[in-house]
$ cat target.txt   # compact mmCIF, C-alpha atoms and all ligand atoms
# COMPACT_ATOMS: atom_id res chain seq x y z
CA GLU N 1 41.95 239.84 -86.68
CA GLN N 2 38.94 237.60 -87.11
CA ARG N 3 38.41 235.87 -90.46
CA LEU N 4 34.74 235.20 -89.71
CA SER N 5 31.92 237.48 -88.64
CA GLY N 6 30.77 237.64 -85.06
CA ARG N 7 27.40 236.54 -86.38
CA VAL N 8 28.58 233.12 -87.52
CA ARG N 9 31.13 232.72 -84.76
CA GLY N 10 28.19 232.85 -82.36
CA ILE N 11 26.48 229.80 -83.89
CA ALA N 12 26.61 226.98 -81.36
CA PRO N 13 28.23 223.80 -82.64
CA SER N 14 25.40 221.33 -83.12
CA ALA N 15 25.00 219.02 -80.16
CA THR N 16 24.10 216.27 -82.59
CA MET N 17 27.15 216.55 -84.79
CA SER N 18 29.45 213.99 -83.19
CA ILE N 19 26.68 211.38 -82.95
CA ASP N 20 25.71 212.14 -86.50
CA ALA N 21 29.28 211.75 -87.76
CA LYS N 22 29.69 208.52 -85.80
CA THR N 23 26.41 207.12 -87.16
CA LYS N 24 27.42 207.86 -90.72
CA ALA N 25 30.91 206.43 -90.22
CA LEU N 26 29.49 203.18 -88.77
CA MET N 27 26.97 202.86 -91.58
CA LYS N 28 29.69 203.42 -94.15
CA GLU N 29 31.69 200.61 -92.55
CA GLY N 30 28.68 198.42 -93.22
CA GLN N 31 27.60 198.15 -89.57
CA PRO N 32 23.87 197.42 -89.23
CA VAL N 33 23.00 200.64 -87.37
CA VAL N 34 19.30 201.24 -86.70
CA ASN N 35 19.04 204.94 -87.38
CA MET N 36 16.36 206.48 -85.17
CA SER N 37 17.81 209.97 -85.53
CA VAL N 38 16.23 210.97 -88.82
CA GLY N 39 13.83 213.88 -89.16
CA GLU N 40 12.10 212.94 -92.38
CA PRO N 41 9.29 210.56 -93.37
CA ASP N 42 10.42 207.21 -94.78
CA PHE N 43 7.68 207.51 -97.42
CA ASP N 44 7.85 208.66 -101.02
CA THR N 45 6.47 211.94 -102.32
CA PRO N 46 2.92 211.26 -103.61
CA LYS N 47 3.23 210.15 -107.23
CA ALA N 48 0.79 212.80 -108.49
CA ALA N 49 2.98 215.54 -107.03
CA ALA N 50 6.14 213.96 -108.40
CA PHE N 51 4.63 213.78 -111.89
CA ALA N 52 3.50 217.40 -111.61
CA GLY N 53 7.15 218.26 -110.98
CA ILE N 54 8.27 216.29 -114.05
CA LYS N 55 5.57 217.92 -116.15
CA ALA N 56 6.66 221.38 -114.99
CA ILE N 57 10.19 220.66 -116.19
CA VAL N 58 9.09 219.31 -119.56
CA ASP N 59 6.53 222.07 -120.11
CA GLY N 60 9.11 224.76 -119.50
CA GLN N 61 7.97 225.98 -116.10
CA THR N 62 11.65 226.41 -115.43
CA ARG N 63 11.99 230.18 -115.14
CA TYR N 64 11.90 232.72 -112.35
CA THR N 65 8.52 233.06 -110.69
CA PRO N 66 7.42 236.00 -108.51
CA ALA N 67 9.78 236.02 -105.52
CA ALA N 68 6.95 235.20 -103.10
CA GLY N 69 5.83 232.22 -105.19
CA THR N 70 3.37 231.79 -108.07
CA LEU N 71 -0.08 233.26 -107.66
CA GLU N 72 -1.53 229.83 -108.43
CA LEU N 73 0.27 228.18 -105.52
CA ARG N 74 -0.45 231.07 -103.14
CA LYS N 75 -4.15 230.89 -104.06
CA ARG N 76 -4.17 227.15 -103.39
CA ILE N 77 -2.41 227.68 -100.04
CA ALA N 78 -4.93 230.40 -99.10
CA GLN N 79 -7.71 227.93 -99.86
CA LYS N 80 -5.99 225.27 -97.76
CA LEU N 81 -5.59 227.64 -94.80
CA MET N 82 -9.29 228.50 -95.01
CA THR N 83 -10.72 224.99 -95.35
CA GLU N 84 -8.27 223.09 -93.14
CA ASN N 85 -7.35 225.68 -90.52
CA GLY N 86 -10.20 228.19 -90.50
CA LEU N 87 -7.78 231.02 -91.33
CA GLN N 88 -8.69 233.71 -93.81
CA TYR N 89 -5.73 235.02 -95.79
CA THR N 90 -5.47 236.53 -99.26
CA PRO N 91 -2.74 235.23 -101.61
CA GLU N 92 -0.96 238.56 -100.97
CA GLN N 93 -0.57 237.55 -97.33
CA ILE N 94 1.40 234.43 -98.22
CA VAL N 95 5.09 233.99 -99.04
CA VAL N 96 6.36 230.66 -100.32
CA SER N 97 10.00 229.89 -99.51
CA SER N 98 12.62 227.17 -99.92
CA GLY N 99 11.38 225.15 -96.95
CA ALA N 100 9.70 226.11 -93.67
CA LYS N 101 13.17 226.57 -92.21
CA HIS N 102 13.69 229.35 -94.73
CA SER N 103 10.28 230.85 -93.89
CA LEU N 104 11.23 230.94 -90.20
CA PHE N 105 14.59 232.56 -90.89
CA ASN N 106 12.86 235.20 -93.02
CA ILE N 107 10.45 235.94 -90.18
CA PHE N 108 13.11 236.48 -87.52
CA LEU N 109 15.11 238.70 -89.87
CA ALA N 110 11.99 240.69 -90.71
CA ILE N 111 10.73 241.33 -87.17
CA CYS N 112 13.72 241.21 -84.80
CA ASP N 113 16.37 243.78 -83.93
CA PRO N 114 19.41 243.37 -81.69
CA GLY N 115 18.26 243.59 -78.09
CA ASP N 116 14.88 242.01 -78.76
CA GLU N 117 13.82 238.86 -76.95
CA VAL N 118 11.99 235.89 -78.43
CA ILE N 119 10.28 233.54 -76.00
CA LEU N 120 11.13 229.97 -76.89
CA PRO N 121 9.61 227.04 -74.99
CA ALA N 122 11.99 224.11 -74.48
CA PRO N 123 12.22 221.35 -75.60
CA TYR N 124 12.63 223.20 -78.88
CA TRP N 125 13.57 222.36 -82.45
CA VAL N 126 17.34 222.81 -82.85
CA SER N 127 17.26 225.60 -85.41
CA TYR N 128 15.04 228.06 -83.53
CA PRO N 129 17.63 229.40 -81.06
CA GLU N 130 20.28 229.75 -83.75
CA GLN N 131 17.95 231.52 -86.16
CA ILE N 132 16.79 233.86 -83.41
CA ARG N 133 20.41 234.69 -82.52
CA LEU N 134 21.35 235.21 -86.16
CA SER N 135 18.62 237.87 -86.35
CA GLY N 136 20.34 239.67 -83.47
CA ALA N 137 17.63 238.80 -80.94
CA GLU N 138 18.03 236.72 -77.80
CA PRO N 139 16.09 233.49 -77.24
CA VAL N 140 14.46 233.43 -73.80
CA ILE N 141 14.06 229.77 -72.97
CA VAL N 142 11.01 228.62 -71.01
CA SER N 143 11.75 225.10 -69.78
CA CYS N 144 8.84 222.68 -69.94
CA ASN N 145 8.99 219.06 -68.86
CA GLU N 146 6.83 215.96 -68.49
CA ASP N 147 4.79 217.58 -65.68
CA THR N 148 2.93 219.73 -68.21
CA GLY N 149 3.24 217.29 -71.10
CA PHE N 150 6.21 219.37 -72.36
CA LYS N 151 3.85 222.31 -72.90
CA MET N 152 4.22 225.93 -71.81
CA THR N 153 1.56 227.06 -69.34
CA PRO N 154 -0.08 230.51 -69.45
CA GLU N 155 1.66 231.29 -66.14
CA GLN N 156 5.08 230.43 -67.56
CA LEU N 157 4.36 232.52 -70.65
CA LYS N 158 3.26 235.52 -68.63
CA ALA N 159 6.32 235.33 -66.39
CA ALA N 160 8.66 235.28 -69.39
CA ILE N 161 7.26 238.38 -71.10
CA THR N 162 9.29 241.58 -70.64
CA PRO N 163 9.19 244.99 -72.32
CA ARG N 164 11.83 243.62 -74.71
CA THR N 165 9.76 240.63 -75.84
CA LYS N 166 9.27 240.85 -79.59
CA ALA N 167 7.80 237.44 -80.32
CA VAL N 168 6.71 234.12 -78.86
CA MET N 169 7.55 230.91 -80.69
CA LEU N 170 5.05 228.04 -80.70
CA ASN N 171 5.45 224.64 -82.34
CA SER N 172 2.55 222.20 -82.18
CA PRO N 173 2.77 219.30 -82.91
CA SER N 174 6.28 219.58 -81.52
CA ASN N 175 9.63 218.41 -82.71
CA PRO N 176 11.15 216.84 -80.54
CA THR N 177 8.40 215.95 -78.01
CA GLY N 178 5.40 215.23 -80.23
CA ALA N 179 3.29 217.32 -77.81
CA VAL N 180 0.12 218.81 -79.29
CA TYR N 181 -1.59 221.75 -77.59
CA THR N 182 -5.32 221.24 -77.06
CA LYS N 183 -7.90 223.82 -78.05
CA ASP N 184 -8.26 224.97 -74.44
CA GLU N 185 -4.52 225.18 -73.86
CA LEU N 186 -4.10 227.36 -76.95
CA LYS N 187 -6.99 229.58 -75.95
CA ALA N 188 -5.45 230.04 -72.50
CA LEU N 189 -2.12 231.08 -74.04
CA GLY N 190 -4.04 233.37 -76.37
CA GLU N 191 -5.72 235.09 -73.42
CA VAL N 192 -2.29 236.05 -72.12
CA LEU N 193 -0.94 237.03 -75.53
CA VAL N 194 -3.75 239.45 -76.36
CA GLN N 195 -2.69 241.55 -73.37
CA TYR N 196 0.75 242.27 -74.84
CA ASP N 197 2.01 243.75 -78.07
CA VAL N 198 4.09 240.79 -79.22
CA TYR N 199 4.22 238.67 -82.35
CA VAL N 200 3.36 235.00 -82.30
CA VAL N 201 5.19 232.67 -84.67
CA THR N 202 3.40 229.33 -84.93
CA ASP N 203 5.17 226.49 -86.71
CA GLU N 204 2.52 223.97 -87.75
CA ILE N 205 4.57 221.81 -90.08
CA TYR N 206 3.53 218.55 -88.34
CA GLU N 207 -0.21 219.43 -88.27
CA ARG N 208 -1.23 216.40 -90.36
CA LEU N 209 0.66 213.95 -88.20
CA VAL N 210 -1.64 213.66 -85.17
CA TYR N 211 -3.00 210.53 -83.49
CA ASN N 212 -6.44 210.58 -81.86
CA VAL N 213 -6.20 214.34 -81.28
CA GLU N 214 -6.96 217.39 -83.37
CA HIS N 215 -4.61 220.14 -84.46
CA TYR N 216 -5.73 223.75 -83.95
CA SER N 217 -4.17 226.91 -85.25
CA LEU N 218 -3.95 229.62 -82.57
CA PRO N 219 -5.25 232.62 -84.59
CA ALA N 220 -8.32 230.61 -85.63
CA LEU N 221 -9.17 230.20 -81.94
CA VAL N 222 -8.15 233.74 -80.91
CA PRO N 223 -8.93 235.98 -83.91
CA ASP N 224 -7.69 239.06 -82.04
CA LEU N 225 -4.19 237.68 -82.59
CA MET N 226 -4.57 237.46 -86.35
CA ASN N 227 -2.84 240.77 -86.97
CA ARG N 228 0.34 239.76 -85.15
CA THR N 229 0.56 236.04 -85.76
CA ILE N 230 2.65 234.48 -88.48
CA VAL N 231 1.67 230.94 -89.40
CA VAL N 232 4.41 228.69 -90.79
CA ASN N 233 3.85 225.45 -92.62
CA GLY N 234 5.49 223.33 -95.31
CA PHE N 235 5.45 220.30 -97.53
CA SER N 236 8.36 218.31 -96.06
CA LYS N 237 6.54 216.29 -93.44
CA ALA N 238 2.90 215.97 -94.57
CA PHE N 239 3.81 215.15 -98.16
CA ALA N 240 7.22 213.55 -97.69
CA MET N 241 8.85 216.30 -99.75
CA THR N 242 11.94 217.16 -97.68
CA GLY N 243 14.19 217.34 -100.73
CA TRP N 244 11.91 219.61 -102.75
CA ARG N 245 12.49 222.52 -100.33
CA LEU N 246 9.07 224.08 -100.12
CA GLY N 247 7.48 225.89 -97.19
CA TYR N 248 5.37 228.98 -96.60
CA LEU N 249 4.19 231.58 -94.17
CA ALA N 250 0.99 233.59 -93.86
CA GLY N 251 0.68 236.74 -91.82
CA PRO N 252 -0.17 240.42 -91.59
CA GLN N 253 0.37 242.47 -94.72
CA ASP N 254 3.32 244.58 -93.49
CA VAL N 255 5.33 241.59 -92.28
CA VAL N 256 4.57 239.63 -95.44
CA LYS N 257 5.63 242.53 -97.63
CA ALA N 258 8.91 242.87 -95.75
CA VAL N 259 9.58 239.12 -95.97
CA SER N 260 8.78 239.13 -99.66
CA SER N 261 11.18 241.97 -100.29
CA LEU N 262 13.90 240.37 -98.15
CA GLN N 263 13.50 237.09 -99.98
CA SER N 264 13.59 238.80 -103.38
CA HIS N 265 17.12 240.00 -102.60
CA ALA N 266 18.38 236.98 -100.66
CA THR N 267 17.26 233.93 -102.61
CA GLY N 268 14.49 234.90 -105.00
CA ASN N 269 11.68 232.45 -105.60
CA PRO N 270 11.68 228.85 -104.38
CA ALA N 271 12.22 226.36 -107.24
CA SER N 272 9.51 226.73 -109.89
CA ILE N 273 9.36 222.95 -110.25
CA SER N 274 8.76 222.40 -106.55
CA GLN N 275 6.03 225.02 -106.58
CA ALA N 276 4.21 223.22 -109.43
CA ALA N 277 4.47 219.95 -107.49
CA GLY N 278 3.26 221.66 -104.32
CA ILE N 279 -0.07 222.65 -105.87
CA VAL N 280 -0.82 219.01 -106.63
CA ALA N 281 0.61 217.77 -103.33
CA LEU N 282 -2.01 219.71 -101.39
CA ASP N 283 -4.61 217.40 -102.97
CA SER N 284 -2.54 214.23 -102.54
CA PHE N 285 -2.28 213.66 -98.79
CA ASP N 286 -1.83 209.97 -97.94
CA PRO N 287 -3.68 208.98 -94.75
CA GLY N 288 -1.90 205.62 -94.92
CA MET N 289 1.25 207.39 -93.76
CA VAL N 290 -0.49 208.60 -90.59
CA GLU N 291 -1.87 205.11 -89.92
CA ALA N 292 1.61 203.64 -90.21
CA PHE N 293 3.12 206.27 -87.88
CA HIS N 294 0.31 205.72 -85.41
CA GLU N 295 0.91 201.99 -85.23
CA ARG N 296 4.67 202.45 -84.84
CA ARG N 297 4.20 205.08 -82.14
CA ASP N 298 1.97 202.77 -80.11
CA TYR N 299 4.45 199.92 -80.35
CA LEU N 300 7.53 202.00 -79.55
CA VAL N 301 5.97 203.92 -76.65
CA SER N 302 4.66 200.84 -74.87
CA ALA N 303 8.01 199.08 -75.33
CA LEU N 304 9.86 202.06 -73.83
CA GLN N 305 7.38 202.36 -70.97
CA ASN N 306 8.24 198.80 -69.97
CA MET N 307 11.97 199.48 -69.74
CA ASN N 308 13.63 199.97 -66.37
CA GLY N 309 14.80 203.51 -65.70
CA ILE N 310 12.96 205.01 -68.66
CA GLN N 311 9.88 207.19 -68.53
CA CYS N 312 8.02 207.90 -71.70
CA LEU N 313 4.98 210.10 -72.32
CA VAL N 314 2.68 209.28 -75.19
CA PRO N 315 3.34 211.85 -77.91
CA ASP N 316 0.16 212.97 -79.68
CA GLY N 317 1.79 213.99 -82.93
CA ALA N 318 4.84 214.24 -85.23
CA PHE N 319 7.02 211.11 -85.56
CA TYR N 320 9.23 211.28 -82.48
CA VAL N 321 9.21 209.89 -78.97
CA PHE N 322 11.11 211.74 -76.27
CA PRO N 323 11.73 209.39 -73.34
CA ASN N 324 13.30 210.59 -70.10
CA ILE N 325 16.47 208.59 -69.47
CA SER N 326 17.79 210.50 -66.46
CA GLY N 327 16.91 207.52 -64.23
CA LEU N 328 19.90 205.76 -65.80
CA TYR N 329 22.42 208.53 -65.19
CA GLY N 330 25.23 207.44 -62.91
CA LYS N 331 25.24 203.90 -64.36
CA SER N 332 28.13 202.45 -66.36
CA LEU N 333 28.90 200.00 -69.11
CA ASN N 334 32.38 198.58 -69.75
CA GLY N 335 33.79 201.13 -67.33
CA LYS N 336 32.17 204.05 -69.19
CA ARG N 337 29.95 206.16 -66.99
CA ILE N 338 26.73 207.78 -68.24
CA GLU N 339 26.25 211.30 -66.88
CA THR N 340 24.39 212.96 -69.73
CA SER N 341 22.06 212.22 -72.60
CA ASN N 342 25.00 212.68 -74.90
CA ASP N 343 26.92 209.98 -72.98
CA PHE N 344 23.90 207.67 -73.14
CA CYS N 345 23.36 208.11 -76.88
CA THR N 346 27.07 207.79 -77.67
CA LEU N 347 27.39 204.55 -75.70
CA LEU N 348 24.13 203.14 -77.10
CA LEU N 349 25.38 203.78 -80.62
CA GLU N 350 28.87 202.39 -80.00
CA THR N 351 27.83 199.22 -78.22
CA ASP N 352 24.40 198.37 -79.61
CA LEU N 353 24.17 200.27 -82.89
CA VAL N 354 21.06 202.39 -82.29
CA ALA N 355 21.33 206.05 -83.26
CA ALA N 356 19.25 208.52 -81.20
CA VAL N 357 19.56 212.27 -80.77
CA PRO N 358 20.68 213.47 -77.32
CA GLY N 359 18.26 215.81 -75.56
CA GLU N 360 20.91 218.51 -75.12
CA ALA N 361 20.27 219.44 -78.76
CA PHE N 362 16.72 220.45 -77.83
CA GLY N 363 17.41 222.10 -74.49
CA ALA N 364 16.24 218.97 -72.63
CA PRO N 365 19.24 217.18 -71.11
CA GLU N 366 17.19 214.45 -69.39
CA ASN N 367 15.68 213.07 -72.59
CA MET N 368 16.62 211.61 -75.94
CA ARG N 369 14.77 211.74 -79.25
CA LEU N 370 13.93 208.60 -81.18
CA SER N 371 12.34 208.99 -84.60
CA TYR N 372 9.91 206.31 -85.75
CA ALA N 373 10.07 207.42 -89.35
CA THR N 374 11.58 204.04 -90.13
CA SER N 375 10.17 200.57 -90.72
CA MET N 376 8.41 198.57 -88.00
CA GLU N 377 11.07 195.89 -88.45
CA GLN N 378 13.82 198.41 -87.71
CA ILE N 379 11.89 199.76 -84.73
CA LYS N 380 11.54 196.23 -83.30
CA THR N 381 15.26 195.66 -83.71
CA ALA N 382 15.96 198.98 -81.98
CA VAL N 383 13.71 198.04 -79.06
CA GLU N 384 15.54 194.72 -78.58
CA ARG N 385 18.88 196.47 -78.68
CA ILE N 386 17.90 199.23 -76.25
CA GLU N 387 16.55 196.59 -73.83
CA ARG N 388 19.78 194.63 -74.11
CA PHE N 389 21.80 197.81 -73.59
CA ILE N 390 19.90 198.84 -70.48
CA SER N 391 20.03 195.35 -68.98
CA ARG N 392 23.85 195.49 -69.08
CA LEU N 393 24.15 198.85 -67.30
CA GLU N 394 25.40 198.63 -63.76
N1 LIG N 401 9.98 223.16 -88.21
C1 LIG N 401 10.15 222.02 -87.55
C2 LIG N 401 9.57 221.90 -86.19
C3 LIG N 401 10.85 220.96 -88.13
O1 LIG N 401 11.03 219.81 -87.45
C4 LIG N 401 11.40 221.12 -89.42
C5 LIG N 401 12.20 220.04 -90.05
O2 LIG N 401 12.83 219.24 -89.41
C6 LIG N 401 11.20 222.34 -90.08
C7 LIG N 401 10.48 223.34 -89.44
C8 LIG N 401 11.77 222.65 -91.43
O3 LIG N 401 11.24 221.94 -92.47
P1 LIG N 401 11.55 222.28 -93.98
O4 LIG N 401 12.56 223.38 -94.03
O5 LIG N 401 12.06 221.01 -94.57
O6 LIG N 401 10.25 222.72 -94.58
$ encode --input "target.txt" --output "structure tokens"
Amino acid sequence: EQRLSGRVRGIAPSATMSIDAKTKALMKEGQPVVNMSVGEPDFDTPKAAAFAGIKAIVDGQTRYTPAAGTLELRKRIAQKLMTENGLQYTPEQIVVSSGAKHSLFNIFLAICDPGDEVILPAPYWVSYPEQIRLSGAEPVIVSCNEDTGFKMTPEQLKAAITPRTKAVMLNSPSNPTGAVYTKDELKALGEVLVQYDVYVVTDEIYERLVYNVEHYSLPALVPDLMNRTIVVNGFSKAFAMTGWRLGYLAGPQDVVKAVSSLQSHATGNPASISQAAGIVALDSFDPGMVEAFHERRDYLVSALQNMNGIQCLVPDGAFYVFPNISGLYGKSLNGKRIETSNDFCTLLLETDLVAAVPGEAFGAPENMRLSYATSMEQIKTAVERIERFISRLE
């Protein structure tokens, strides 16, 4: 007899877990690890938002709110979607949740049945395939590599659609690649999508973190998709609010109603305090954060591009670089042979104390993810160490 459900037994053990555990153990020992594996900004929540949270506590905004979030916050989000993204939604078409991760999970549970397929371009964010499987659906992976800038082409999309396709997942700017779809690329995908009766889930949580390019939201470019697109966004990345747990979705009325009802039974409202802070956060974006990320990206990418055996595209957004390290597979250090990204990252951490996330975690075994959400000083140290590491491979 099984003690655990088939549902949770099916969750794949995280490909990042052993590296993560090793990184933490080394840091606890006091080893000077440069941690390039983190997925959160190294900036503080804007003070105005933080004080709004404190004020909410002191003023007694500490009770249940409507399950979908306060009307005040949903109104402010509707305004944001209109002015910043060109998307017209009423507050009734918005559900606020405990993080964008929660919004995404709600979506898959609300639209997928066992037997459904969800098209998922790889490299993908680690939680998408697991969330899709937990909903009973099957992720259909479309592999994209450097040749297309890690982006799915209209041809690839079309070839992946079957009668069982329920939804297509898009994430631009992307975690882990930093790829940002251009206006024309999105329109071309939209031209395919309008021909089929499938949902589009577009995760735009990194929209503010773009460098010399512009972010576009698909349904603003292809309004015919409005009725079957669900837009996901959140406060974690743009406002450095990872710990506040606040995200949201906007979509067609029937889906939003179902999500709202689901959430009312599963978790209820996201924290009232976070919601109060979120309203103020939307007016408190710090462009200095983007400037800092931009400068770090330029430094890190050009350093990686100069390293033997490494190929690195210039990511247009988010705060990750995703170099291809497969040119170093087959090489060894101290008798240990590197065959996979996991081998590479494990050895790099053990011998030179730089923590990176192996590409296997994202369905991209030839690459590794380095986060530059850490100080320039740390990034420079990491570059020196990676160079030293590579120079010793034989
Ligand atoms: N989507 C992507 C692509 C992410 O990288 C993350 C966080 O790492 C999330 C969603 C979830 O963010 P949160 O749940 O903190 O809002």
$ axis_aligned_box --input "target.txt" --around "ligand LIG 401 (chain N)" --padding-each-side "3 Å" --output "AutoDock Vina command-line options"
--center_x 11.2 --center_y 221.3 --center_z -90.4 --size_x 9.3 --size_y 10.1 --size_z 14.4
$ closest_atom_pairs --input "target.txt" --of "segment 255-347 of chain N" --to "segment 128-151 of chain N" --cutoff "12 Å" --atoms "all atoms listed in the file" --output "JSON lines"
{"residue": "N:Gln311", "atom": "CA", "partner": "N:Glu146", "partner_atom": "CA", "distance": 9.3}
{"residue": "N:Cys312", "atom": "CA", "partner": "N:Glu146", "partner_atom": "CA", "distance": 8.8}
{"residue": "N:Leu313", "atom": "CA", "partner": "N:Glu146", "partner_atom": "CA", "distance": 7.2}
{"residue": "N:Val314", "atom": "CA", "partner": "N:Gly149", "partner_atom": "CA", "distance": 9.0}
{"residue": "N:Pro315", "atom": "CA", "partner": "N:Gly149", "partner_atom": "CA", "distance": 8.7}
{"residue": "N:Asp316", "atom": "CA", "partner": "N:Gly149", "partner_atom": "CA", "distance": 10.1}
{"residue": "N:Val321", "atom": "CA", "partner": "N:Phe150", "partner_atom": "CA", "distance": 11.9}
{"residue": "N:Phe322", "atom": "CA", "partner": "N:Glu146", "partner_atom": "CA", "distance": 9.8}
{"residue": "N:Pro323", "atom": "CA", "partner": "N:Glu146", "partner_atom": "CA", "distance": 9.5}
{"residue": "N:Asn324", "atom": "CA", "partner": "N:Glu146", "partner_atom": "CA", "distance": 8.6}
$ atom_distance --input "target.txt" --atom1 "atom CA of Thr374 of chain N" --atom2 "atom CA of Val34 of chain N"
8.9 Å
$ residues_around --input "target.txt" --residues "segment 240-242 of chain N" --least-positions-apart "5" --cutoff "10 Å" --atoms "all atoms listed in the file" --output "VMD selection string"
chain N and resid 39 to 46 49 to 50 99 234 to 235 247 274 277 to 278 281 285 to 286 289
$ residues_near_ligand --input "target.txt" --ligand "ligand LIG 401 (chain N)" --cutoff "10 Å" --atoms "all atoms listed in the file" --output "PyMOL selection string"
chain N and resi 38-40+97-105+124-128+170-176+178+202-206+232-238+240-248+318-319
$ write_last_selection --input "target.txt" --atoms "C-alpha atoms" --output "PDB file, in the frame of the given file"
ATOM      1  CA  VAL N  38      16.230 210.970 -88.820  1.00  0.00           C
ATOM      2  CA  GLY N  39      13.830 213.880 -89.160  1.00  0.00           C
ATOM      3  CA  GLU N  40      12.100 212.940 -92.380  1.00  0.00           C
ATOM      4  CA  SER N  97      10.000 229.890 -99.510  1.00  0.00           C
ATOM      5  CA  SER N  98      12.620 227.170 -99.920  1.00  0.00           C
ATOM      6  CA  GLY N  99      11.380 225.150 -96.950  1.00  0.00           C
ATOM      7  CA  ALA N 100       9.700 226.110 -93.670  1.00  0.00           C
ATOM      8  CA  LYS N 101      13.170 226.570 -92.210  1.00  0.00           C
ATOM      9  CA  HIS N 102      13.690 229.350 -94.730  1.00  0.00           C
ATOM     10  CA  SER N 103      10.280 230.850 -93.890  1.00  0.00           C
ATOM     11  CA  LEU N 104      11.230 230.940 -90.200  1.00  0.00           C
ATOM     12  CA  PHE N 105      14.590 232.560 -90.890  1.00  0.00           C
ATOM     13  CA  TYR N 124      12.630 223.200 -78.880  1.00  0.00           C
ATOM     14  CA  TRP N 125      13.570 222.360 -82.450  1.00  0.00           C
ATOM     15  CA  VAL N 126      17.340 222.810 -82.850  1.00  0.00           C
ATOM     16  CA  SER N 127      17.260 225.600 -85.410  1.00  0.00           C
ATOM     17  CA  TYR N 128      15.040 228.060 -83.530  1.00  0.00           C
ATOM     18  CA  LEU N 170       5.050 228.040 -80.700  1.00  0.00           C
ATOM     19  CA  ASN N 171       5.450 224.640 -82.340  1.00  0.00           C
ATOM     20  CA  SER N 172       2.550 222.200 -82.180  1.00  0.00           C
ATOM     21  CA  PRO N 173       2.770 219.300 -82.910  1.00  0.00           C
ATOM     22  CA  SER N 174       6.280 219.580 -81.520  1.00  0.00           C
ATOM     23  CA  ASN N 175       9.630 218.410 -82.710  1.00  0.00           C
ATOM     24  CA  PRO N 176      11.150 216.840 -80.540  1.00  0.00           C
ATOM     25  CA  GLY N 178       5.400 215.230 -80.230  1.00  0.00           C
ATOM     26  CA  THR N 202       3.400 229.330 -84.930  1.00  0.00           C
ATOM     27  CA  ASP N 203       5.170 226.490 -86.710  1.00  0.00           C
ATOM     28  CA  GLU N 204       2.520 223.970 -87.750  1.00  0.00           C
ATOM     29  CA  ILE N 205       4.570 221.810 -90.080  1.00  0.00           C
ATOM     30  CA  TYR N 206       3.530 218.550 -88.340  1.00  0.00           C
ATOM     31  CA  VAL N 232       4.410 228.690 -90.790  1.00  0.00           C
ATOM     32  CA  ASN N 233       3.850 225.450 -92.620  1.00  0.00           C
ATOM     33  CA  GLY N 234       5.490 223.330 -95.310  1.00  0.00           C
ATOM     34  CA  PHE N 235       5.450 220.300 -97.530  1.00  0.00           C
ATOM     35  CA  SER N 236       8.360 218.310 -96.060  1.00  0.00           C
ATOM     36  CA  LYS N 237       6.540 216.290 -93.440  1.00  0.00           C
ATOM     37  CA  ALA N 238       2.900 215.970 -94.570  1.00  0.00           C
ATOM     38  CA  ALA N 240       7.220 213.550 -97.690  1.00  0.00           C
ATOM     39  CA  MET N 241       8.850 216.300 -99.750  1.00  0.00           C
ATOM     40  CA  THR N 242      11.940 217.160 -97.680  1.00  0.00           C
ATOM     41  CA  GLY N 243      14.190 217.340-100.730  1.00  0.00           C
ATOM     42  CA  TRP N 244      11.910 219.610-102.750  1.00  0.00           C
ATOM     43  CA  ARG N 245      12.490 222.520-100.330  1.00  0.00           C
ATOM     44  CA  LEU N 246       9.070 224.080-100.120  1.00  0.00           C
ATOM     45  CA  GLY N 247       7.480 225.890 -97.190  1.00  0.00           C
ATOM     46  CA  TYR N 248       5.370 228.980 -96.600  1.00  0.00           C
ATOM     47  CA  ALA N 318       4.840 214.240 -85.230  1.00  0.00           C
ATOM     48  CA  PHE N 319       7.020 211.110 -85.560  1.00  0.00           C
TER      49      PHE N 319
END
$ decode --input "target.txt" --residues "segment 376-383 of chain N" --atoms "N, CA and C atoms" --output "PDB file, in the first residue's frame"
ATOM      1  N   MET N 376      28.153  43.548  -8.096  1.00  0.00           N
ATOM      2  CA  MET N 376      29.162  43.550  -9.151  1.00  0.00           C
ATOM      3  C   MET N 376      30.456  42.917  -8.634  1.00  0.00           C
ATOM      4  N   GLU N 377      30.780  43.188  -7.393  1.00  0.00           N
ATOM      5  CA  GLU N 377      31.995  42.644  -6.793  1.00  0.00           C
ATOM      6  C   GLU N 377      31.941  41.106  -6.791  1.00  0.00           C
ATOM      7  N   GLN N 378      30.800  40.573  -6.395  1.00  0.00           N
ATOM      8  CA  GLN N 378      30.622  39.122  -6.376  1.00  0.00           C
ATOM      9  C   GLN N 378      30.683  38.547  -7.798  1.00  0.00           C
ATOM     10  N   ILE N 379      30.094  39.277  -8.736  1.00  0.00           N
ATOM     11  CA  ILE N 379      30.093  38.809 -10.124  1.00  0.00           C
ATOM     12  C   ILE N 379      31.528  38.755 -10.655  1.00  0.00           C
ATOM     13  N   LYS N 380      32.315  39.789 -10.325  1.00  0.00           N
ATOM     14  CA  LYS N 380      33.720  39.809 -10.778  1.00  0.00           C
ATOM     15  C   LYS N 380      34.499  38.640 -10.177  1.00  0.00           C
ATOM     16  N   THR N 381      34.258  38.365  -8.923  1.00  0.00           N
ATOM     17  CA  THR N 381      34.915  37.218  -8.284  1.00  0.00           C
ATOM     18  C   THR N 381      34.506  35.930  -8.986  1.00  0.00           C
ATOM     19  N   ALA N 382      33.225  35.811  -9.283  1.00  0.00           N
ATOM     20  CA  ALA N 382      32.730  34.600  -9.956  1.00  0.00           C
ATOM     21  C   ALA N 382      33.407  34.422 -11.308  1.00  0.00           C
ATOM     22  N   VAL N 383      33.525  35.516 -12.057  1.00  0.00           N
ATOM     23  CA  VAL N 383      34.160  35.449 -13.381  1.00  0.00           C
ATOM     24  C   VAL N 383      35.601  34.950 -13.257  1.00  0.00           C
TER      25      VAL N 383
END
